[in-house]
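One file, protein19.txt, carrying compact mmCIF, C-alpha atoms:
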# COMPACT_ATOMS: atom_id res chain seq x y z
CA MET A 1172 87.12 99.43 97.14
CA GLU A 1173 83.81 98.40 98.70
CA GLN A 1174 80.67 100.42 98.00
CA GLN A 1175 77.72 101.26 100.21
CA TYR A 1176 74.67 103.39 99.48
CA GLY A 1177 73.55 106.40 101.46
CA PRO A 1178 69.94 107.46 102.19
CA SER A 1179 69.69 109.44 98.95
CA GLY A 1180 70.93 106.55 96.85
CA THR A 1181 74.38 108.08 96.33
CA VAL A 1182 77.35 105.75 96.46
CA ILE A 1183 79.46 105.90 99.59
CA LYS A 1184 82.92 104.48 98.97
CA THR A 1185 84.87 102.64 101.61
CA PRO A 1186 88.59 102.29 100.81
CA ALA A 1187 90.13 99.02 101.98
CA LEU A 1188 92.79 99.53 104.66
CA THR A 1189 94.81 96.34 104.90
CA PHE A 1190 98.16 95.14 106.22
CA HIS A 1191 100.29 92.69 104.21
CA GLY A 1192 103.25 92.30 106.55
CA ASP A 1193 104.22 88.88 107.86
CA GLY A 1194 105.99 87.93 111.07
CA GLY A 1195 108.78 85.97 109.39
CA THR A 1196 109.99 88.86 107.23
CA TYR A 1197 109.59 91.34 110.07
CA PHE A 1198 111.51 89.04 112.42
CA GLY A 1199 114.42 89.03 109.97
CA ILE A 1200 114.43 92.84 109.91
CA LEU A 1201 114.26 93.12 113.71
CA PHE A 1202 116.97 90.48 114.23
CA LEU A 1203 119.37 92.17 111.80
CA ASN A 1204 118.57 95.54 113.39
CA TRP A 1205 119.34 94.16 116.83
CA LEU A 1206 122.58 92.57 115.65
CA LEU A 1207 123.88 95.71 113.92
CA THR A 1208 122.78 97.98 116.77
CA THR A 1209 124.63 95.75 119.25
CA VAL A 1210 127.80 95.55 117.15
CA THR A 1211 127.87 99.33 116.66
CA LEU A 1212 127.15 100.02 120.37
CA GLY A 1213 123.83 101.64 119.53
CA LEU A 1214 124.97 103.89 116.68
CA TYR A 1215 122.97 101.90 114.11
CA TYR A 1216 119.69 102.56 115.95
CA PRO A 1217 118.46 105.39 113.63
CA TRP A 1218 118.95 103.16 110.57
CA ALA A 1219 117.28 100.27 112.42
CA LYS A 1220 114.23 102.40 113.15
CA ALA A 1221 114.08 103.60 109.53
CA LYS A 1222 114.17 100.00 108.25
CA LYS A 1223 111.39 99.00 110.63
CA LEU A 1224 109.12 101.92 109.71
CA GLN A 1225 109.76 101.49 106.00
CA TYR A 1226 108.63 97.87 106.19
CA LEU A 1227 105.53 98.54 108.30
CA TYR A 1228 104.35 101.42 106.13
CA SER A 1229 105.13 99.72 102.82
CA SER A 1230 103.09 96.73 104.04
CA THR A 1231 100.03 98.93 104.64
CA GLU A 1232 97.61 99.36 101.77
CA LEU A 1233 94.98 102.07 101.32
CA ASP A 1234 92.55 101.83 98.42
CA GLY A 1235 94.83 99.50 96.45
CA SER A 1236 98.09 101.46 96.95
CA ARG A 1237 100.79 101.06 99.59
CA LEU A 1238 101.87 103.75 102.00
CA ALA A 1239 105.53 104.77 102.10
CA TRP A 1240 107.75 106.05 104.85
CA ASN A 1241 110.54 108.11 103.29
CA GLY A 1242 112.64 108.94 106.33
CA THR A 1243 116.27 107.83 106.36
CA GLY A 1244 118.73 106.61 108.95
CA LYS A 1245 121.04 109.52 108.08
CA GLU A 1246 118.33 112.08 108.87
CA MET A 1247 117.51 110.40 112.17
CA PHE A 1248 121.18 109.96 113.06
CA LYS A 1249 121.64 113.74 112.83
CA GLY A 1250 118.59 114.15 115.06
CA PHE A 1251 119.97 111.47 117.37
CA LEU A 1252 123.23 113.38 117.81
CA LYS A 1253 121.36 116.63 118.56
CA ALA A 1254 119.06 114.89 121.04
CA MET A 1255 121.98 113.16 122.77
CA GLY A 1256 123.92 116.43 122.94
CA LEU A 1257 120.99 118.21 124.55
CA PHE A 1258 120.33 115.40 127.01
CA LEU A 1259 124.02 115.09 128.00
CA ALA A 1260 124.26 118.86 128.55
CA VAL A 1261 121.33 118.71 130.97
CA ILE A 1262 122.79 115.70 132.82
CA ILE A 1263 126.13 117.54 133.19
CA LEU A 1264 124.36 120.61 134.63
CA VAL A 1265 122.41 118.44 137.08
CA ASN A 1266 125.67 116.85 138.24
CA VAL A 1267 127.30 120.27 138.58
CA PHE A 1268 124.47 121.32 140.92
CA ALA A 1269 124.94 118.10 142.87
CA TYR A 1270 128.72 118.74 143.12
CA PHE A 1271 128.06 122.16 144.65
CA LYS A 1272 125.68 120.62 147.21
CA MET A 1273 122.53 121.88 145.46
CA PRO A 1274 120.82 118.63 144.41
CA TYR A 1275 117.32 120.06 144.81
CA VAL A 1276 118.14 122.90 142.45
CA GLY A 1277 119.45 120.36 139.96
CA MET A 1278 116.30 118.24 140.29
CA ALA A 1279 114.09 121.32 139.82
CA PHE A 1280 116.08 122.27 136.73
CA TYR A 1281 115.67 118.76 135.33
CA LEU A 1282 111.90 118.76 135.91
CA VAL A 1283 111.55 122.17 134.23
CA PHE A 1284 113.64 120.85 131.35
CA LEU A 1285 111.27 117.89 130.96
CA LEU A 1286 108.20 120.14 131.06
CA PHE A 1287 109.53 122.12 128.11
CA VAL A 1288 111.39 119.47 126.10
CA VAL A 1289 108.56 116.89 126.02
CA PRO A 1290 106.04 119.11 124.15
CA ALA A 1291 108.83 120.38 121.88
CA ALA A 1292 109.77 116.76 121.13
CA ILE A 1293 106.15 115.78 120.40
CA HIS A 1294 105.75 118.76 118.09
CA GLY A 1295 109.02 118.07 116.26
CA ALA A 1296 108.35 114.34 115.95
CA ASN A 1297 104.95 114.96 114.39
CA ARG A 1298 106.42 117.45 111.90
CA TYR A 1299 109.13 115.01 110.84
CA HIS A 1300 107.20 111.75 110.93
CA TRP A 1301 104.17 112.90 108.96
CA SER A 1302 106.27 114.81 106.44
CA ARG A 1303 108.12 111.59 105.63
CA THR A 1304 104.87 109.58 105.19
CA SER A 1305 103.23 109.44 101.76
CA TRP A 1306 100.65 107.61 99.66
CA ARG A 1307 100.69 107.67 95.84
CA GLY A 1308 103.33 110.41 96.14
CA ILE A 1309 101.07 112.62 98.26
CA ARG A 1310 102.71 113.56 101.55
CA PHE A 1311 101.08 113.79 104.93
CA GLY A 1312 101.98 116.79 107.06
CA TYR A 1313 101.60 118.43 110.44
CA ARG A 1314 100.57 122.10 110.60
CA GLY A 1315 100.69 122.64 114.36
CA GLU A 1316 102.78 125.53 115.72
CA ARG A 1317 105.36 124.99 118.45
CA LYS A 1318 104.55 127.92 120.77
CA PRO A 1319 100.72 127.40 120.93
CA PHE A 1320 101.21 123.66 121.38
CA MET A 1321 103.74 124.11 124.17
CA LYS A 1322 101.41 126.54 125.97
CA LEU A 1323 98.52 124.10 125.63
CA PHE A 1324 100.63 121.14 126.79
CA LEU A 1325 102.05 122.96 129.84
CA LYS A 1326 98.61 124.23 130.89
CA GLU A 1327 97.04 120.78 130.59
CA ILE A 1328 99.89 119.05 132.47
CA LEU A 1329 99.83 121.61 135.30
CA LEU A 1330 96.04 121.26 135.65
CA THR A 1331 96.49 117.48 135.78
CA ILE A 1332 99.11 117.84 138.53
CA VAL A 1333 97.10 120.24 140.72
CA THR A 1334 93.99 118.02 140.44
CA PHE A 1335 96.04 114.92 141.40
CA GLY A 1336 95.44 113.34 137.99
CA ILE A 1337 91.65 113.78 137.85
CA TYR A 1338 91.93 116.28 135.00
CA GLY A 1339 94.10 113.84 133.02
CA SER A 1340 91.30 112.72 130.69
CA TRP A 1341 90.57 116.29 129.65
CA ALA A 1342 94.30 116.95 129.16
CA ILE A 1343 94.75 113.88 126.94
CA ILE A 1344 91.79 114.74 124.74
CA LYS A 1345 92.61 118.45 124.38
CA ILE A 1346 96.18 117.60 123.36
CA ARG A 1347 94.90 114.90 121.01
CA ASN A 1348 92.34 117.29 119.50
CA TYR A 1349 95.10 119.78 118.72
CA VAL A 1350 97.60 117.31 117.27
CA MET A 1351 95.16 115.26 115.19
CA SER A 1352 93.35 118.34 113.85
CA ASN A 1353 96.64 119.69 112.53
CA ILE A 1354 97.53 116.58 110.50
CA ARG A 1355 97.10 116.88 106.76
CA PHE A 1356 96.79 114.23 104.05
CA GLY A 1357 97.74 116.33 101.04
CA SER A 1358 94.85 118.75 100.61
CA GLY A 1359 92.72 116.73 103.04
CA GLU A 1360 92.47 117.92 106.66
CA PHE A 1361 91.98 115.61 109.62
CA ARG A 1362 89.60 116.65 112.39
CA TYR A 1363 89.32 115.17 115.87
CA ASP A 1364 86.38 116.03 118.14
CA GLY A 1365 86.93 114.22 121.43
CA ASP A 1366 85.41 115.36 124.72
CA GLY A 1367 87.32 115.04 128.01
CA GLY A 1368 84.18 114.40 130.05
CA ASP A 1369 83.10 111.49 127.87
CA PHE A 1370 86.63 110.07 127.97
CA PHE A 1371 86.80 110.42 131.77
CA PHE A 1372 83.53 108.57 132.44
CA MET A 1373 84.35 105.88 129.89
CA ASN A 1374 87.65 105.19 131.65
CA LEU A 1375 86.07 105.38 135.11
CA LYS A 1376 83.52 102.78 134.04
CA GLY A 1377 86.25 100.62 132.52
CA TYR A 1378 88.40 100.83 135.64
CA LEU A 1379 85.57 99.97 138.05
CA LEU A 1380 84.17 97.12 135.95
CA SER A 1381 87.66 95.69 135.45
CA ILE A 1382 88.07 95.52 139.24
CA VAL A 1383 84.64 93.95 139.76
CA THR A 1384 85.24 91.34 137.04
CA LEU A 1385 88.81 90.60 138.19
CA GLY A 1386 90.25 92.06 135.00
CA ILE A 1387 87.96 90.36 132.49
CA TYR A 1388 86.26 93.60 131.48
CA SER A 1389 89.66 95.16 130.64
CA PHE A 1390 89.37 93.77 127.10
CA TRP A 1391 86.07 95.60 126.58
CA TRP A 1392 87.64 98.69 128.15
CA GLN A 1393 90.46 98.49 125.58
CA ALA A 1394 87.87 98.17 122.80
CA ASP A 1395 86.07 101.27 124.13
CA ILE A 1396 89.31 103.30 124.12
CA PHE A 1397 90.16 102.19 120.58
CA ARG A 1398 86.62 102.98 119.44
CA TYR A 1399 86.77 106.43 121.04
CA TYR A 1400 90.07 107.25 119.34
CA ILE A 1401 88.83 106.08 115.93
CA ASP A 1402 85.18 107.17 115.90
CA ASN A 1403 85.96 110.83 116.64
CA LEU A 1404 88.32 111.14 113.66
CA ARG A 1405 87.32 112.64 110.29
CA LEU A 1406 89.08 113.59 107.06
CA VAL A 1407 87.66 116.68 105.33
CA GLN A 1408 88.29 118.14 101.88
CA ASP A 1409 86.23 120.75 100.00
CA GLY A 1410 83.14 120.08 102.09
CA LYS A 1411 83.41 116.31 101.63
CA THR A 1412 84.09 114.00 104.56
CA PHE A 1413 85.51 110.60 105.40
CA THR A 1414 84.39 109.26 108.77
CA PHE A 1415 86.29 106.54 110.61
CA ARG A 1416 84.61 103.78 112.60
CA SER A 1417 85.94 100.97 114.78
CA THR A 1418 84.43 97.51 114.38
CA ALA A 1419 86.55 95.85 117.10
CA SER A 1420 84.70 94.32 120.07
CA GLY A 1421 85.89 93.37 123.53
CA SER A 1422 85.90 89.70 122.59
CA ASN A 1423 88.04 90.53 119.53
CA PHE A 1424 90.57 92.28 121.76
CA ALA A 1425 90.48 89.39 124.22
CA GLY A 1426 91.36 86.92 121.47
CA LEU A 1427 94.17 89.14 120.16
CA LEU A 1428 95.77 89.97 123.50
CA ILE A 1429 95.49 86.51 125.06
CA VAL A 1430 97.08 84.84 122.03
CA ASN A 1431 99.78 87.54 121.94
CA PHE A 1432 100.55 86.90 125.61
CA ILE A 1433 100.77 83.13 125.07
CA LEU A 1434 103.05 83.58 122.05
CA LEU A 1435 105.43 85.83 123.98
CA ILE A 1436 105.52 83.60 127.09
CA PHE A 1437 106.06 80.28 125.36
CA THR A 1438 108.65 81.60 122.89
CA PHE A 1439 110.48 83.66 125.54
CA GLY A 1440 109.80 86.81 123.53
CA ILE A 1441 111.05 85.47 120.18
CA ALA A 1442 107.53 85.77 118.71
CA PHE A 1443 107.49 89.56 119.24
CA ALA A 1444 107.66 90.16 115.48
CA TRP A 1445 104.59 87.98 114.90
CA VAL A 1446 102.80 89.63 117.82
CA GLN A 1447 103.42 93.11 116.42
CA THR A 1448 102.42 92.28 112.84
CA ARG A 1449 99.23 90.47 113.88
CA THR A 1450 98.37 93.43 116.14
CA VAL A 1451 98.81 95.96 113.33
CA GLU A 1452 96.77 93.74 111.00
CA PHE A 1453 94.03 93.44 113.64
CA LEU A 1454 93.82 97.20 114.26
CA LEU A 1455 93.75 98.17 110.58
CA SER A 1456 91.22 95.49 109.67
CA ASN A 1457 88.89 96.85 112.34
CA VAL A 1458 88.77 100.39 110.98
CA GLU A 1459 86.03 101.33 108.51
CA ILE A 1460 86.47 104.44 106.36
CA VAL A 1461 83.21 105.70 104.88
CA GLY A 1462 82.43 108.90 103.01
CA ASP A 1463 82.23 110.79 99.75
CA ILE A 1464 85.84 111.96 99.30
CA GLU A 1465 87.54 110.80 96.12
CA LEU A 1466 91.12 110.01 97.11
CA SER A 1467 92.22 110.72 93.54
CA GLU A 1468 91.24 114.36 94.12
CA LEU A 1469 93.76 114.85 96.93
CA ALA A 1470 96.51 117.25 95.90
CA GLN A 1471 100.09 117.66 97.12
CA THR A 1472 100.23 120.55 99.59
CA GLU A 1473 102.76 119.55 102.26
CA GLU A 1474 106.44 120.46 102.36
CA GLU A 1475 109.25 118.11 103.28
CA TYR A 1476 110.73 118.44 106.77
CA ARG A 1477 114.00 116.63 107.45
CA ASN A 1478 114.87 117.59 111.04
CA ALA A 1479 114.43 114.36 113.04
CA THR A 1480 115.53 115.72 116.44
CA GLY A 1481 111.99 115.52 117.84
CA GLU A 1482 111.61 111.95 116.56
CA ASP A 1483 114.75 110.91 118.48
CA LEU A 1484 113.74 112.81 121.62
CA VAL A 1485 110.39 111.04 121.85
CA ASP A 1486 112.26 107.74 121.51
CA MET A 1487 114.61 108.82 124.29
CA PHE A 1488 111.70 109.59 126.60
CA ASP A 1489 109.68 106.57 125.37
CA LEU A 1490 106.74 108.69 124.20
CA ASN A 1491 104.46 106.78 121.86
CA ILE A 1492 102.82 109.51 119.77
CA ILE A 1493 102.01 107.95 116.40

Step by step, read the file and then write its structure as structure tokens.
Amino acid sequence: MEQQYGPSGTVIKTPALTFHGDGGTYFGILFLNWLLTTVTLGLYYPWAKAKKLQYLYSSTELDGSRLAWNGTGKEMFKGFLKAMGLFLAVIILVNVFAYFKMPYVGMAFYLVFLLFVVPAAIHGANRYHWSRTSWRGIRFGYRGERKPFMKLFLKEILLTIVTFGIYGSWAIIKIRNYVMSNIRFGSGEFRYDGDGGDFFFMNLKGYLLSIVTLGIYSFWWQADIFRYYIDNLRLVQDGKTFTFRSTASGSNFAGLLIVNFILLIFTFGIAFAWVQTRTVEFLLSNVEIVGDIELSELAQTEEEYRNATGEDLVDMFDLNII
């Protein structure tokens, strides 16, 4: 653990956040996952995802101790079956409407289904995923409530639609504020204080400058987005605070993404495992955590949650929430 000194001379501790995974080991996991998923016609997928997450989390170190992801393939397989059952039921109903010459009714039903199932899936995935994540035996957790979150999500999406996407930045940040501020690290509480207006103008600047520079500025735009996501995050416990800061620059992102692109192109995608591990290592190594919280003071407060239906639904709809 590194140490810095504040204005009053008190020690400010910065836990080291490092990633120890390597592309070769991760490639072996992904290859075996692919093989078994193919042989079982997709049924092995929940176990494949569990193996992948267990490796990535166990390779991540915070303050000298590794994280752990305690979810299992069995739990996610049960969620997978529920998610598939729900999705197939909706597809059958849509086809029934089409059979009775009411395709527009079927399409409307499907869109309404998506509007309600997506926020429910995000809520459920956060409950499951964070409950199964731990550090030194202390579980993370998600305290958000389904009904308030669904109301917030639907309101923000509808406002984004009626404004032809202009309101999207405010929607993203309000949803992010709610989700991140309901994540717990034992007795520690995360807080996120983003502002939609700031996020909108940052992205507008990034978009315009990327056009003017023929895409070159996009790396600095990516660095700005990462910095905005990290710098507005805090961990609070008993009046003490950890603040998070990004140290990644646009040139850092350019080096990472250009090399990743070259690796994928010249290996025909085989280097994906190395690309993903070097990306995770890059992101974690560019996050500073500074404050006066003693991690040893964190207490276990979160309950286990084993329903993985939401986790499988977000996979089904390709929603990247973690």

Nearest residue to A:Gly1195 from the set A:Ser1456, A:Asn1241, A:Thr1448, A:Thr1231 (distances using all atoms listed in the file): A:Thr1448

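In this comparison, which uses all atoms listed in the file, the residue of A:Ile1328, A:Ile1436, A:Leu1466, A:Leu1264 approaching A:Ala1279 most closely is A:Leu1264.
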
Enter the distance from atom CA of A:Thr1243 to atom CA of A:Trp1218, in Å, rounded to one decimal.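 Interatomic distance here is 6.8 Å.
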
Taking into account only C-alpha atoms, which residue in the set A:Gln1471, A:Thr1384, A:Ser1422, A:Asn1374 is nearest to A:Tyr1399? A:Asn1374

Enclose stretch 1370-1377 of chain A, meaning all of its atoms listed in the file, in a box aligned along x, y and z, pad it by 6 Å on each side, and list the centre and edge lengths in Å to one decimal, as AutoDock Vina command-line options.
--center_x 85.6 --center_y 105.5 --center_z 131.5 --size_x 16.1 --size_y 21.8 --size_z 19.1

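For the residues A:Thr1211, A:Asn1403, A:Asn1297, A:Ser1467, ranking by smallest atom-to-atom distance to A:Leu1233 using only C-alpha atoms places A:Ser1467 first.
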
Between A:Thr1414, A:Ile1387, A:Ile1464, A:Arg1237, single out the one closest to A:Leu1428, counting only C-alpha atoms. A:Ile1387

Quick check, in Å to one decimal: how far apart do atom CA of A:His1300 and atom CA of A:Gly1440 lie? 28.1 Å

Between atom CA of A:Tyr1197 and atom CA of A:Ala1444 - distance in Å to one decimal: 5.9 Å

Starting from the point (89.9, 98.3, 121.5), work out which residues of protein, DNA or RNA have an atom no more than 12 Å away when counting all atoms listed in the file; state them as a PyMOL selection string. chain A and resi 1377+1388-1402+1416-1428+1450+1453-1455+1457-1458

May I ask which of the residues A:Phe1437, A:Leu1188, A:Met1351, A:Ile1343 is the closest one to A:Val1461, counting only C-alpha atoms? A:Leu1188
